[in-house]
Structures are given as structure tokens and as C-alpha cells.
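Structure data (mmCIF, C-alpha atoms and all ligand atoms) from structure.cif:
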```
data_coords
loop_
_atom_site.label_atom_id
_atom_site.label_comp_id
_atom_site.auth_asym_id
_atom_site.auth_seq_id
_atom_site.Cartn_x
_atom_site.Cartn_y
_atom_site.Cartn_z
CA MET A 1 -29.88 -6.89 25.17
CA PRO A 2 -26.97 -9.40 25.11
CA ARG A 3 -28.06 -12.99 24.25
CA LEU A 4 -26.06 -14.59 27.05
CA GLY A 5 -25.76 -13.25 30.56
CA GLN A 6 -25.02 -14.26 34.11
CA GLY A 7 -27.44 -15.07 36.93
CA THR A 8 -26.67 -14.36 40.57
CA TRP A 9 -29.28 -16.19 42.63
CA MET A 10 -27.62 -17.60 45.80
CA MET A 11 -24.56 -15.40 45.47
CA GLY A 12 -23.69 -13.48 48.62
CA GLU A 13 -25.32 -16.12 50.80
CA GLY A 14 -22.13 -17.61 52.22
CA ARG A 15 -22.06 -20.71 50.01
CA GLN A 16 -18.76 -19.56 48.55
CA PRO A 17 -16.27 -16.81 49.43
CA VAL A 18 -17.56 -13.49 48.05
CA ALA A 19 -14.19 -12.90 46.37
CA GLU A 20 -14.71 -16.06 44.27
CA GLU A 21 -18.19 -14.96 43.24
CA VAL A 22 -16.93 -11.50 42.31
CA ALA A 23 -14.05 -13.02 40.32
CA ALA A 24 -16.44 -15.39 38.50
CA LEU A 25 -18.73 -12.53 37.48
CA GLN A 26 -15.75 -10.45 36.35
CA LEU A 27 -14.42 -13.36 34.30
CA GLY A 28 -17.85 -13.68 32.70
CA LEU A 29 -17.78 -9.98 31.82
CA ASP A 30 -14.29 -10.38 30.34
CA LEU A 31 -15.60 -13.27 28.23
CA GLY A 32 -18.52 -11.26 26.87
CA MET A 33 -21.37 -12.24 29.21
CA THR A 34 -22.08 -8.60 29.87
CA LEU A 35 -25.66 -8.96 31.10
CA ILE A 36 -25.86 -9.53 34.87
CA ASP A 37 -29.20 -10.49 36.38
CA THR A 38 -29.89 -9.97 40.08
CA ALA A 39 -32.79 -9.10 42.41
CA GLU A 40 -33.46 -7.38 45.71
CA MET A 41 -34.81 -10.74 46.91
CA TYR A 42 -31.57 -12.68 46.42
CA GLY A 43 -29.92 -12.99 49.82
CA ASP A 44 -32.00 -10.02 50.98
CA GLY A 45 -29.83 -7.71 48.91
CA ALA A 46 -26.55 -9.59 49.46
CA SER A 47 -26.45 -10.71 45.83
CA GLU A 48 -26.77 -7.12 44.63
CA THR A 49 -23.88 -6.19 46.91
CA VAL A 50 -21.70 -8.88 45.27
CA VAL A 51 -22.69 -7.56 41.83
CA GLY A 52 -21.82 -4.02 42.96
CA GLN A 53 -18.29 -5.21 43.71
CA ALA A 54 -18.02 -7.11 40.43
CA ILE A 55 -19.02 -4.16 38.24
CA ALA A 56 -17.04 -1.48 40.08
CA GLY A 57 -15.05 0.55 37.56
CA ARG A 58 -16.75 -1.06 34.55
CA ARG A 59 -20.39 -0.11 34.96
CA ASP A 60 -20.78 1.17 31.41
CA ALA A 61 -19.74 -2.19 29.95
CA VAL A 62 -22.51 -4.00 31.83
CA TYR A 63 -26.18 -4.50 31.02
CA LEU A 64 -27.51 -4.54 34.57
CA VAL A 65 -30.84 -6.14 35.46
CA SER A 66 -32.50 -6.23 38.87
CA LYS A 67 -35.97 -7.11 40.12
CA VAL A 68 -38.44 -5.63 42.52
CA LEU A 69 -40.53 -7.79 44.85
CA PRO A 70 -44.26 -7.67 44.07
CA HIS A 71 -45.14 -6.13 47.45
CA HIS A 72 -42.72 -3.27 46.75
CA ALA A 73 -44.20 -2.58 43.30
CA SER A 74 -46.46 0.33 44.26
CA GLN A 75 -45.56 3.87 43.11
CA ALA A 76 -43.88 4.78 46.41
CA GLY A 77 -42.57 1.29 47.03
CA LEU A 78 -40.79 1.23 43.67
CA VAL A 79 -38.97 4.47 44.37
CA ALA A 80 -37.65 3.14 47.68
CA ALA A 81 -36.83 -0.36 46.39
CA CYS A 82 -34.99 0.99 43.36
CA GLU A 83 -33.02 3.42 45.51
CA HIS A 84 -31.95 0.58 47.82
CA SER A 85 -30.96 -1.65 44.90
CA LEU A 86 -28.94 1.14 43.28
CA ARG A 87 -27.15 1.79 46.56
CA ARG A 88 -26.18 -1.87 46.95
CA LEU A 89 -25.15 -2.06 43.30
CA LYS A 90 -23.14 1.17 43.66
CA THR A 91 -24.57 2.65 40.49
CA ASP A 92 -27.10 5.32 39.58
CA TYR A 93 -29.13 3.43 36.98
CA LEU A 94 -30.38 -0.01 35.99
CA ASP A 95 -30.56 -1.05 32.37
CA LEU A 96 -33.63 -3.14 33.10
CA TYR A 97 -35.88 -3.38 36.17
CA LEU A 98 -38.26 -6.33 36.38
CA LEU A 99 -41.36 -7.05 38.43
CA HIS A 100 -40.26 -10.38 39.98
CA TRP A 101 -43.73 -11.89 39.71
CA ARG A 102 -47.26 -10.57 39.65
CA GLY A 103 -48.63 -9.68 43.08
CA GLN A 104 -51.49 -7.66 44.57
CA VAL A 105 -50.49 -4.18 43.41
CA PRO A 106 -52.55 -3.25 40.31
CA LEU A 107 -50.42 -3.55 37.18
CA ALA A 108 -51.35 -0.04 36.06
CA GLU A 109 -49.84 1.38 39.26
CA THR A 110 -46.64 -0.64 38.81
CA VAL A 111 -46.39 0.52 35.20
CA ALA A 112 -46.82 4.15 36.30
CA GLY A 113 -44.11 3.64 38.92
CA PHE A 114 -41.71 2.09 36.41
CA GLU A 115 -42.36 4.93 33.96
CA ALA A 116 -41.67 7.52 36.67
CA LEU A 117 -38.33 5.80 37.43
CA ARG A 118 -37.53 5.77 33.71
CA SER A 119 -38.33 9.48 33.30
CA ALA A 120 -36.11 10.25 36.27
CA GLY A 121 -33.23 8.31 34.68
CA HIS A 122 -32.99 5.66 37.41
CA ILE A 123 -33.85 2.86 34.98
CA ARG A 124 -33.48 2.64 31.21
CA ALA A 125 -36.24 0.09 30.68
CA TRP A 126 -38.53 -2.17 32.65
CA GLY A 127 -40.16 -5.55 32.25
CA VAL A 128 -41.73 -8.46 34.07
CA SER A 129 -40.96 -11.98 35.22
CA ASN A 130 -43.04 -15.14 35.57
CA PHE A 131 -45.85 -13.67 33.44
CA ASP A 132 -47.88 -16.13 31.38
CA VAL A 133 -49.81 -15.16 28.23
CA ALA A 134 -52.92 -13.95 30.09
CA ASP A 135 -50.78 -11.64 32.26
CA MET A 136 -48.93 -10.35 29.19
CA GLN A 137 -52.23 -9.63 27.47
CA THR A 138 -53.46 -7.71 30.51
CA LEU A 139 -50.22 -5.74 30.56
CA ALA A 140 -50.42 -5.06 26.82
CA ARG A 141 -53.81 -3.41 27.33
CA ILE A 142 -52.06 -0.89 29.64
CA THR A 143 -48.79 -0.28 27.78
CA ASP A 144 -46.52 -1.54 25.01
CA ARG A 145 -43.35 -0.59 26.87
CA CYS A 146 -42.60 -3.95 28.53
CA ALA A 147 -39.00 -4.71 27.52
CA ALA A 148 -38.64 -8.35 28.68
CA ASN A 149 -40.35 -11.30 30.34
CA GLN A 150 -38.05 -13.50 32.43
CA VAL A 151 -39.36 -17.06 32.77
CA LEU A 152 -38.23 -20.60 33.54
CA TYR A 153 -37.06 -22.17 30.28
CA ASN A 154 -34.83 -25.18 29.75
CA LEU A 155 -35.07 -28.63 28.16
CA GLU A 156 -37.07 -29.94 31.12
CA HIS A 157 -39.50 -27.01 31.05
CA ARG A 158 -40.59 -26.29 27.48
CA GLY A 159 -44.19 -25.24 28.13
CA ILE A 160 -43.65 -21.67 26.91
CA GLU A 161 -43.01 -22.95 23.38
CA TYR A 162 -46.73 -23.66 23.04
CA ASP A 163 -47.84 -20.03 23.30
CA LEU A 164 -45.91 -17.59 25.51
CA LEU A 165 -42.71 -17.67 23.49
CA LEU A 166 -44.60 -16.97 20.26
CA TRP A 167 -46.60 -14.21 21.92
CA CYS A 168 -43.40 -12.54 23.14
CA GLN A 169 -41.69 -12.92 19.75
CA ASP A 170 -44.74 -11.39 18.02
CA HIS A 171 -44.63 -8.45 20.42
CA ALA A 172 -40.85 -7.99 20.15
CA CYS A 173 -40.49 -8.71 23.87
CA PRO A 174 -37.30 -10.65 24.66
CA VAL A 175 -37.68 -13.78 26.78
CA MET A 176 -35.00 -14.19 29.44
CA ALA A 177 -34.60 -17.91 30.13
CA TYR A 178 -33.88 -18.49 33.80
CA SER A 179 -32.41 -21.73 35.19
CA PRO A 180 -31.20 -22.56 31.66
CA VAL A 181 -28.91 -25.37 32.88
CA GLY A 182 -31.56 -26.75 35.22
CA GLN A 183 -29.77 -25.42 38.30
CA GLY A 184 -26.91 -27.79 37.59
CA GLY A 185 -29.04 -30.79 38.62
CA ALA A 186 -30.52 -33.85 36.91
CA LEU A 187 -30.77 -32.13 33.53
CA LEU A 188 -26.99 -32.02 33.14
CA ARG A 189 -26.80 -35.76 33.89
CA HIS A 190 -29.50 -36.72 31.40
CA PRO A 191 -28.18 -39.43 29.03
CA ALA A 192 -29.69 -37.83 25.90
CA LEU A 193 -28.01 -34.52 26.67
CA ALA A 194 -24.75 -36.33 27.40
CA THR A 195 -24.96 -38.12 24.05
CA VAL A 196 -25.46 -34.92 22.06
CA ALA A 197 -22.68 -33.26 24.06
CA ALA A 198 -20.29 -36.13 23.32
CA GLN A 199 -21.15 -36.03 19.61
CA ARG A 200 -20.46 -32.30 19.53
CA GLU A 201 -17.36 -32.69 21.73
CA THR A 202 -18.65 -30.25 24.30
CA SER A 203 -20.38 -30.37 27.69
CA PRO A 204 -24.07 -30.91 28.55
CA ALA A 205 -24.28 -27.37 30.00
CA GLN A 206 -23.09 -25.86 26.73
CA ILE A 207 -25.65 -27.87 24.75
CA ALA A 208 -28.39 -26.81 27.19
CA LEU A 209 -27.43 -23.15 26.76
CA ALA A 210 -27.12 -23.31 22.98
CA TRP A 211 -30.50 -25.02 22.92
CA ALA A 212 -32.16 -22.27 25.02
CA MET A 213 -30.66 -19.57 22.79
CA ARG A 214 -31.48 -21.31 19.49
CA GLN A 215 -34.66 -19.28 19.04
CA PRO A 216 -34.70 -15.58 18.20
CA GLY A 217 -35.49 -13.31 21.10
CA VAL A 218 -34.32 -15.69 23.83
CA VAL A 219 -31.60 -14.65 26.27
CA ALA A 220 -30.03 -17.20 28.66
CA ILE A 221 -28.75 -16.24 32.10
CA PRO A 222 -26.84 -19.16 33.68
CA LYS A 223 -25.46 -18.60 37.18
CA SER A 224 -21.98 -19.79 38.05
CA GLY A 225 -19.51 -18.94 40.75
CA ARG A 226 -16.80 -21.19 39.27
CA ALA A 227 -14.26 -20.16 36.65
CA GLU A 228 -14.38 -23.43 34.70
CA HIS A 229 -18.17 -23.26 34.46
CA VAL A 230 -18.09 -19.57 33.50
CA ARG A 231 -15.66 -20.35 30.68
CA ALA A 232 -17.85 -23.20 29.46
CA ASN A 233 -21.00 -21.08 29.61
CA ALA A 234 -19.40 -18.19 27.72
CA ALA A 235 -18.25 -20.55 24.97
CA ALA A 236 -21.85 -21.67 24.41
CA ALA A 237 -22.52 -18.38 22.62
CA ALA A 238 -20.52 -19.68 19.65
CA LEU A 239 -22.20 -23.09 19.55
CA ALA A 240 -24.99 -23.58 16.99
CA LEU A 241 -27.04 -26.75 17.26
CA THR A 242 -27.78 -28.76 14.12
CA GLU A 243 -31.20 -30.09 13.14
CA ALA A 244 -29.98 -33.54 14.14
CA ASP A 245 -28.97 -32.26 17.59
CA CYS A 246 -32.39 -30.65 18.07
CA ALA A 247 -34.20 -33.77 16.87
CA ALA A 248 -32.29 -35.94 19.34
CA LEU A 249 -33.15 -33.53 22.15
CA ASP A 250 -36.82 -33.38 21.07
CA ALA A 251 -36.98 -37.16 21.28
CA ALA A 252 -35.84 -37.09 24.91
CA PHE A 253 -37.49 -33.81 26.03
CA ALA A 254 -40.80 -33.58 24.22
CA PRO A 255 -42.03 -30.18 23.10
CA PRO A 256 -45.45 -29.19 24.49
CA HIS A 257 -48.57 -30.41 22.64
CA GLY A 258 -51.00 -28.24 24.56
CA LYS A 259 -51.24 -25.40 27.02
CA GLN A 260 -49.27 -25.93 30.21
CA PRO A 261 -49.44 -23.61 33.22
CA LEU A 262 -46.28 -21.49 33.36
CA ALA A 263 -43.72 -23.35 35.46
CA MET A 264 -41.77 -21.28 37.95
CA LEU A 265 -39.29 -21.71 40.77
P1 LIG B 301 -28.98 -22.25 36.48
O1 LIG B 301 -28.27 -21.08 35.99
O2 LIG B 301 -29.68 -23.14 35.52
O3 LIG B 301 -27.97 -23.19 37.30
C1 LIG B 301 -27.08 -22.70 38.25
C2 LIG B 301 -26.36 -23.90 38.87
O4 LIG B 301 -25.74 -24.66 37.84
C3 LIG B 301 -25.30 -23.53 39.85
O5 LIG B 301 -25.33 -24.48 40.90
C4 LIG B 301 -24.00 -23.69 39.07
O6 LIG B 301 -22.98 -24.12 39.92
C5 LIG B 301 -24.34 -24.76 38.07
N1 LIG B 301 -23.68 -24.52 36.78
C6 LIG B 301 -23.64 -23.37 36.07
N2 LIG B 301 -22.95 -23.53 34.93
C7 LIG B 301 -22.54 -24.82 34.91
C8 LIG B 301 -21.77 -25.59 34.01
N3 LIG B 301 -21.26 -25.07 32.88
N4 LIG B 301 -21.53 -26.90 34.30
C9 LIG B 301 -22.04 -27.45 35.44
N5 LIG B 301 -22.77 -26.76 36.34
C10 LIG B 301 -23.01 -25.46 36.08
O7 LIG B 301 -30.06 -21.89 37.59
P2 LIG B 301 -30.53 -20.57 38.34
O8 LIG B 301 -29.43 -19.96 39.11
O9 LIG B 301 -31.79 -20.93 39.04
O10 LIG B 301 -30.98 -19.60 37.13
C11 LIG B 301 -30.12 -18.65 36.54
C12 LIG B 301 -30.46 -17.25 36.98
O11 LIG B 301 -31.78 -16.90 36.60
C13 LIG B 301 -30.47 -17.06 38.50
O12 LIG B 301 -29.18 -17.06 39.05
C14 LIG B 301 -31.24 -15.78 38.61
O13 LIG B 301 -30.43 -14.68 38.29
C15 LIG B 301 -32.32 -16.01 37.56
N6 LIG B 301 -33.58 -16.59 38.10
C16 LIG B 301 -34.71 -15.86 38.05
C17 LIG B 301 -35.89 -16.36 38.56
C18 LIG B 301 -37.15 -15.52 38.50
O14 LIG B 301 -38.14 -15.86 39.15
N7 LIG B 301 -37.13 -14.46 37.73
C19 LIG B 301 -35.94 -17.64 39.14
C20 LIG B 301 -34.76 -18.38 39.15
C21 LIG B 301 -33.59 -17.87 38.63
P3 LIG B 301 -21.60 -23.27 40.11
O15 LIG B 301 -22.00 -21.93 40.66
O16 LIG B 301 -20.83 -24.11 41.06
O17 LIG B 301 -20.98 -23.17 38.75
#
```

Just dump the structure as C-alpha cells.
Ligand code: NAP
Amino acid sequence: MPRLGQGTWMMGEGRQPVAEEVAALQLGLDLGMTLIDTAEMYGDGASETVVGQAIAGRRDAVYLVSKVLPHHASQAGLVAACEHSLRRLKTDYLDLYLLHWRGQVPLAETVAGFEALRSAGHIRAWGVSNFDVADMQTLARITDRCAANQVLYNLEHRGIEYDLLLWCQDHACPVMAYSPVGQGGALLRHPALATVAAQRETSPAQIALAWAMRQPGVVAIPKSGRAEHVRANAAAAALALTEADCAALDAAFAPPHGKQPLAML
């Protein structure tokens, strides 16, 4: 799985011309951000449609991730939801299909459904999202095939460092860090982040991304519909933080000292 990808939440919802969103995703692919993360939930499928346009003619160069809503994660529901996603994405397989969050359908049934999709060639692998340690342990009692856990992880939300991140690393399960630049909000204006960025002659977003990716097994998936942001995000792959950078960030964004409930959006 590539270490740096592109999110798509809020694409296809009319905030920006679709052509700009498609161009931004294509630029990201050109710059090596070959993982694209989407979901049937985003814009009720509109985001997947944008992604379908962006990857047309270059499907094989993309690591494509989508997510199923919890209430579609039954055996029959998964077949239908996956078919609809594939149609919108104009492809015949997903590289990774995630359960968006844990719902009412028993996990064993969802796992059986994912495995059936995998055997049929519709998906190459499957995983989960917004699963804390207890959920991962429950899942591990059913199967060891979970290929990723996508969770909220950025400087403002470090709770997973206490236990979940270690659990996933121990079980060779990549963590996909969502909202890695804090949705472009207060995080990017934080003075401590600005100071480290100025010292390294780069931008706060690039520091935030390099920070999220500093640990093994963590993949960051920033969303951007703007060329200048896409270029900045792609460049973060080559940025390695120093111990001094990390210490300065730790001083402003304290690592967890105890168990925190998994934060989610
Ligand atoms: P994010 O990637 O942290 O932030 C996206 C926002 O930051 C956008 O408004 C974007 O604006 C701005 N931005 C991006 N790069 C920037 C840069 N270099 N400089 C300044 N601003 C920048 O937040 P997110 O979209 O919530 O999370 C990323 C992806 O994770 C989502 O798109 C989605 O695919 C996934 N996700 C998954 C879950 C889940 O439950 N599994 C939940 C949330 C998100 P512009 O578009 O104008 O550049």
C-alpha cells in the first residue's frame, strides 16, 4: 500500500467544479499519490463518480480504496453495495474495501461477505475503519485477513499512539490516517506547527503529513481539490522530520499518557 494517498470526502458535492476535482486527483496521481480513498457515503456516491473520471484510462496505476456503510455490510448488502461502487468508479475491482465503521451486522457475516467478494475477484483485500483495540481484537478472533484500519490521526488527535497503533503494527495491519491535515482548519494555523515549518522552510501541511507518516505502517490520505495543495502534499513524502522537530511538536501536542476513546469524525 502506498504511504501517501488522496482523500475524496466532499468531492462531487458542488463545492468546486468537478473538472477541478478530477484534475487535482490526476495531478496527485502524476506526482505519485497513487492511493485514492473514497466511500459510497461521500456525496451519496458522487465522490466515487468523480474518482471514476479521474482514474479513467489509468486504473492499473491506482490503488483504489472504497468503503461500505455499516447497514450495507451484510452478505447480500455487500454484494449490492460493491457492485454500485464499482459501477460509479467505472472499474471491475477495488484494491481495498473497508467497513466504514462498526454497525449492527455481526462482524463474522461482514467478514464472510468480504471474503466472498475477494474470491469472486471484485476486491483484492478488505479492512475496517474507526475500529478501536477492542473491535480489532474481536475481529482477530474471527480472521487474520484484515488489511487496514482507517482512523482519525493527526497532531491534534494522537490517542491511537497509546495502544491501537502498536496493536496494528504488531499485527502487520497498516493504519490509514484520515484527516491528517486537520481538515485544513485550526491545526494548520497552530503557532508551534508554523514554527517548525518555518525552520524547515516548508508549510505546516507538509510538516503535519510528514509527522503522520513518521511511524512505520502509517499511511496518510490528505484530501485536496487544489493544485497548489496537491503539490505541497505530494512533496511531503520526501520530508523526514528530525528528533528536534518531533520534540517541538510533542511539546505543543502532547502524546497520550493513558487510554483515550478512539476519536472519529
Ligand atoms: P484532511 O485531508 O485533513 O483536510 C482536507 C482539507 O484540508 C480540505 O479542505 C483541503 O482544502 C485542505 N488542505 C489539503 N491539503 C492542504 C494543504 N497542503 N494546505 C492547506 N490546506 C490543505 O481532512 P479529510 O478530508 O477529513 O480527511 C482526508 C480523507 O480521509 C477524506 O477525504 C476521506 O477520504 C478520509 N476520511 C475517512 C473517514 C472515515 O471515517 N474513514 C473520516 C474522514 C475522512 P482544498 O481541497 O481546498 O485543498

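Nearest-residue note for ligand LIG 301 (chain B): choosing from A:Pro17, A:Gly32, A:Pro216, A:Pro261, the minimum distance belongs to A:Pro17, counting only C-alpha atoms and all ligand atoms.
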
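Atom pair atom CA of A:Glu109 / atom CA of A:Val128: separated by 13.8 Å.
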
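Going from atom CA of A:Ala177 to atom O3 of ligand LIG 301 (chain B) covers 11.1 Å.
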
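Atom to atom, atom CA of A:Ser47 and atom CA of A:His157 stand 25.6 Å apart.
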
Could you list, with a cut-off of 6 Å and counting all atoms listed in the file, the residues of chain A near ligand LIG 301 (chain B), each shown with its nearest atom pair and the distance in Å rounded to one decimal, rows sorted by chain and ascending number, as CSV?
```
residue,atom,partner,partner_atom,distance
A:Gly7,CA,B:LIG301,O13,3.3
A:Thr8,CA,B:LIG301,O12,4.0
A:Trp9,CA,B:LIG301,O12,3.7
A:Asp37,CA,B:LIG301,O13,4.8
A:Thr38,CA,B:LIG301,O13,5.1
A:His100,CA,B:LIG301,N7,5.6
A:Ser129,CA,B:LIG301,N7,5.2
A:Gln150,CA,B:LIG301,N7,5.5
A:Tyr178,CA,B:LIG301,O11,3.8
A:Ser179,CA,B:LIG301,O2,3.1
A:Pro180,CA,B:LIG301,O2,4.2
A:Val181,CA,B:LIG301,O2,3.5
A:Gly182,CA,B:LIG301,O2,4.1
A:Gln183,CA,B:LIG301,O3,3.0
A:Gly184,CA,B:LIG301,O4,3.4
A:Ala205,CA,B:LIG301,N3,4.8
A:Ile221,CA,B:LIG301,C11,5.2
A:Pro222,CA,B:LIG301,O1,3.3
A:Lys223,CA,B:LIG301,O1,3.9
A:Ser224,CA,B:LIG301,O15,3.4
A:Gly225,CA,B:LIG301,O15,3.9
A:Arg226,CA,B:LIG301,O17,4.7
A:His229,CA,B:LIG301,N3,3.9
A:Ala232,CA,B:LIG301,N3,5.2
A:Asn233,CA,B:LIG301,N3,5.2
A:Leu265,CA,B:LIG301,C19,5.5
```

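Nearest residue to A:Arg87, choosing from A:Glu48, A:Asp245, A:Glu13, A:Asp135 and counting only C-alpha atoms: A:Glu48.
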
Restricting to all atoms listed in the file, whichever of A:Asp170, A:Asp95, A:Glu156, A:Asp132 is closest to A:Asp250 is A:Glu156

How about completing stretch 25-49 of chain A with N, CA, C and O atoms and giving it to me as a short mmCIF file (atom, residue, chain, number, x, y, z; two decimals), in the frame of the given file?
```cif
data_model
loop_
_atom_site.label_atom_id
_atom_site.label_comp_id
_atom_site.auth_asym_id
_atom_site.auth_seq_id
_atom_site.Cartn_x
_atom_site.Cartn_y
_atom_site.Cartn_z
N LEU A 25 -17.93 -13.49 38.26
CA LEU A 25 -18.73 -12.53 37.48
C LEU A 25 -17.82 -11.68 36.60
O LEU A 25 -18.14 -11.40 35.43
N GLN A 26 -16.68 -11.28 37.14
CA GLN A 26 -15.75 -10.45 36.35
C GLN A 26 -15.18 -11.23 35.17
O GLN A 26 -15.03 -10.70 34.08
N LEU A 27 -14.90 -12.52 35.41
CA LEU A 27 -14.42 -13.36 34.30
C LEU A 27 -15.51 -13.45 33.22
O LEU A 27 -15.22 -13.33 32.02
N GLY A 28 -16.74 -13.63 33.66
CA GLY A 28 -17.85 -13.68 32.70
C GLY A 28 -17.95 -12.40 31.89
O GLY A 28 -18.16 -12.43 30.67
N LEU A 29 -17.76 -11.27 32.55
CA LEU A 29 -17.78 -9.98 31.82
C LEU A 29 -16.63 -9.95 30.80
O LEU A 29 -16.83 -9.57 29.64
N ASP A 30 -15.44 -10.38 31.25
CA ASP A 30 -14.29 -10.38 30.34
C ASP A 30 -14.57 -11.25 29.11
O ASP A 30 -14.09 -10.96 28.02
N LEU A 31 -15.34 -12.32 29.32
CA LEU A 31 -15.60 -13.27 28.23
C LEU A 31 -16.85 -12.91 27.43
O LEU A 31 -17.31 -13.69 26.61
N GLY A 32 -17.42 -11.74 27.71
CA GLY A 32 -18.52 -11.26 26.87
C GLY A 32 -19.91 -11.48 27.43
O GLY A 32 -20.89 -11.11 26.78
N MET A 33 -20.02 -12.08 28.61
CA MET A 33 -21.37 -12.24 29.21
C MET A 33 -21.69 -10.98 30.01
O MET A 33 -21.64 -10.95 31.24
N THR A 34 -22.02 -9.93 29.27
CA THR A 34 -22.08 -8.60 29.87
C THR A 34 -23.41 -8.29 30.54
O THR A 34 -23.56 -7.25 31.17
N LEU A 35 -24.39 -9.16 30.38
CA LEU A 35 -25.66 -8.96 31.10
C LEU A 35 -25.54 -9.64 32.46
O LEU A 35 -25.18 -10.81 32.54
N ILE A 36 -25.83 -8.91 33.53
CA ILE A 36 -25.86 -9.53 34.87
C ILE A 36 -27.27 -9.35 35.42
O ILE A 36 -27.81 -8.25 35.46
N ASP A 37 -27.85 -10.47 35.85
CA ASP A 37 -29.20 -10.49 36.38
C ASP A 37 -29.17 -10.70 37.90
O ASP A 37 -28.57 -11.66 38.38
N THR A 38 -29.81 -9.79 38.63
CA THR A 38 -29.89 -9.97 40.08
C THR A 38 -31.28 -9.56 40.55
O THR A 38 -32.20 -9.39 39.73
N ALA A 39 -31.47 -9.44 41.86
CA ALA A 39 -32.79 -9.10 42.41
C ALA A 39 -32.64 -8.68 43.85
O ALA A 39 -31.74 -9.17 44.55
N GLU A 40 -33.53 -7.79 44.29
CA GLU A 40 -33.46 -7.38 45.71
C GLU A 40 -33.72 -8.58 46.61
O GLU A 40 -33.25 -8.64 47.74
N MET A 41 -34.48 -9.57 46.10
CA MET A 41 -34.81 -10.74 46.91
C MET A 41 -33.61 -11.62 47.21
O MET A 41 -33.53 -12.24 48.27
N TYR A 42 -32.66 -11.71 46.29
CA TYR A 42 -31.57 -12.68 46.42
C TYR A 42 -30.69 -12.32 47.63
O TYR A 42 -30.03 -11.28 47.66
N GLY A 43 -30.71 -13.22 48.60
CA GLY A 43 -29.92 -12.99 49.82
C GLY A 43 -30.30 -11.71 50.52
O GLY A 43 -29.47 -11.09 51.17
N ASP A 44 -31.55 -11.28 50.36
CA ASP A 44 -32.00 -10.02 50.98
C ASP A 44 -31.09 -8.86 50.60
O ASP A 44 -30.75 -8.03 51.45
N GLY A 45 -30.68 -8.82 49.37
CA GLY A 45 -29.83 -7.71 48.91
C GLY A 45 -28.35 -8.09 48.83
O GLY A 45 -27.56 -7.38 48.21
N ALA A 46 -27.97 -9.22 49.44
CA ALA A 46 -26.55 -9.59 49.46
C ALA A 46 -26.02 -9.88 48.06
O ALA A 46 -24.86 -9.60 47.74
N SER A 47 -26.89 -10.42 47.21
CA SER A 47 -26.45 -10.71 45.83
C SER A 47 -26.17 -9.40 45.08
O SER A 47 -25.19 -9.30 44.33
N GLU A 48 -27.02 -8.41 45.29
CA GLU A 48 -26.77 -7.12 44.63
C GLU A 48 -25.44 -6.51 45.12
O GLU A 48 -24.73 -5.88 44.34
N THR A 49 -25.13 -6.73 46.38
CA THR A 49 -23.88 -6.19 46.91
C THR A 49 -22.68 -6.85 46.22
O THR A 49 -21.70 -6.19 45.87
#
```
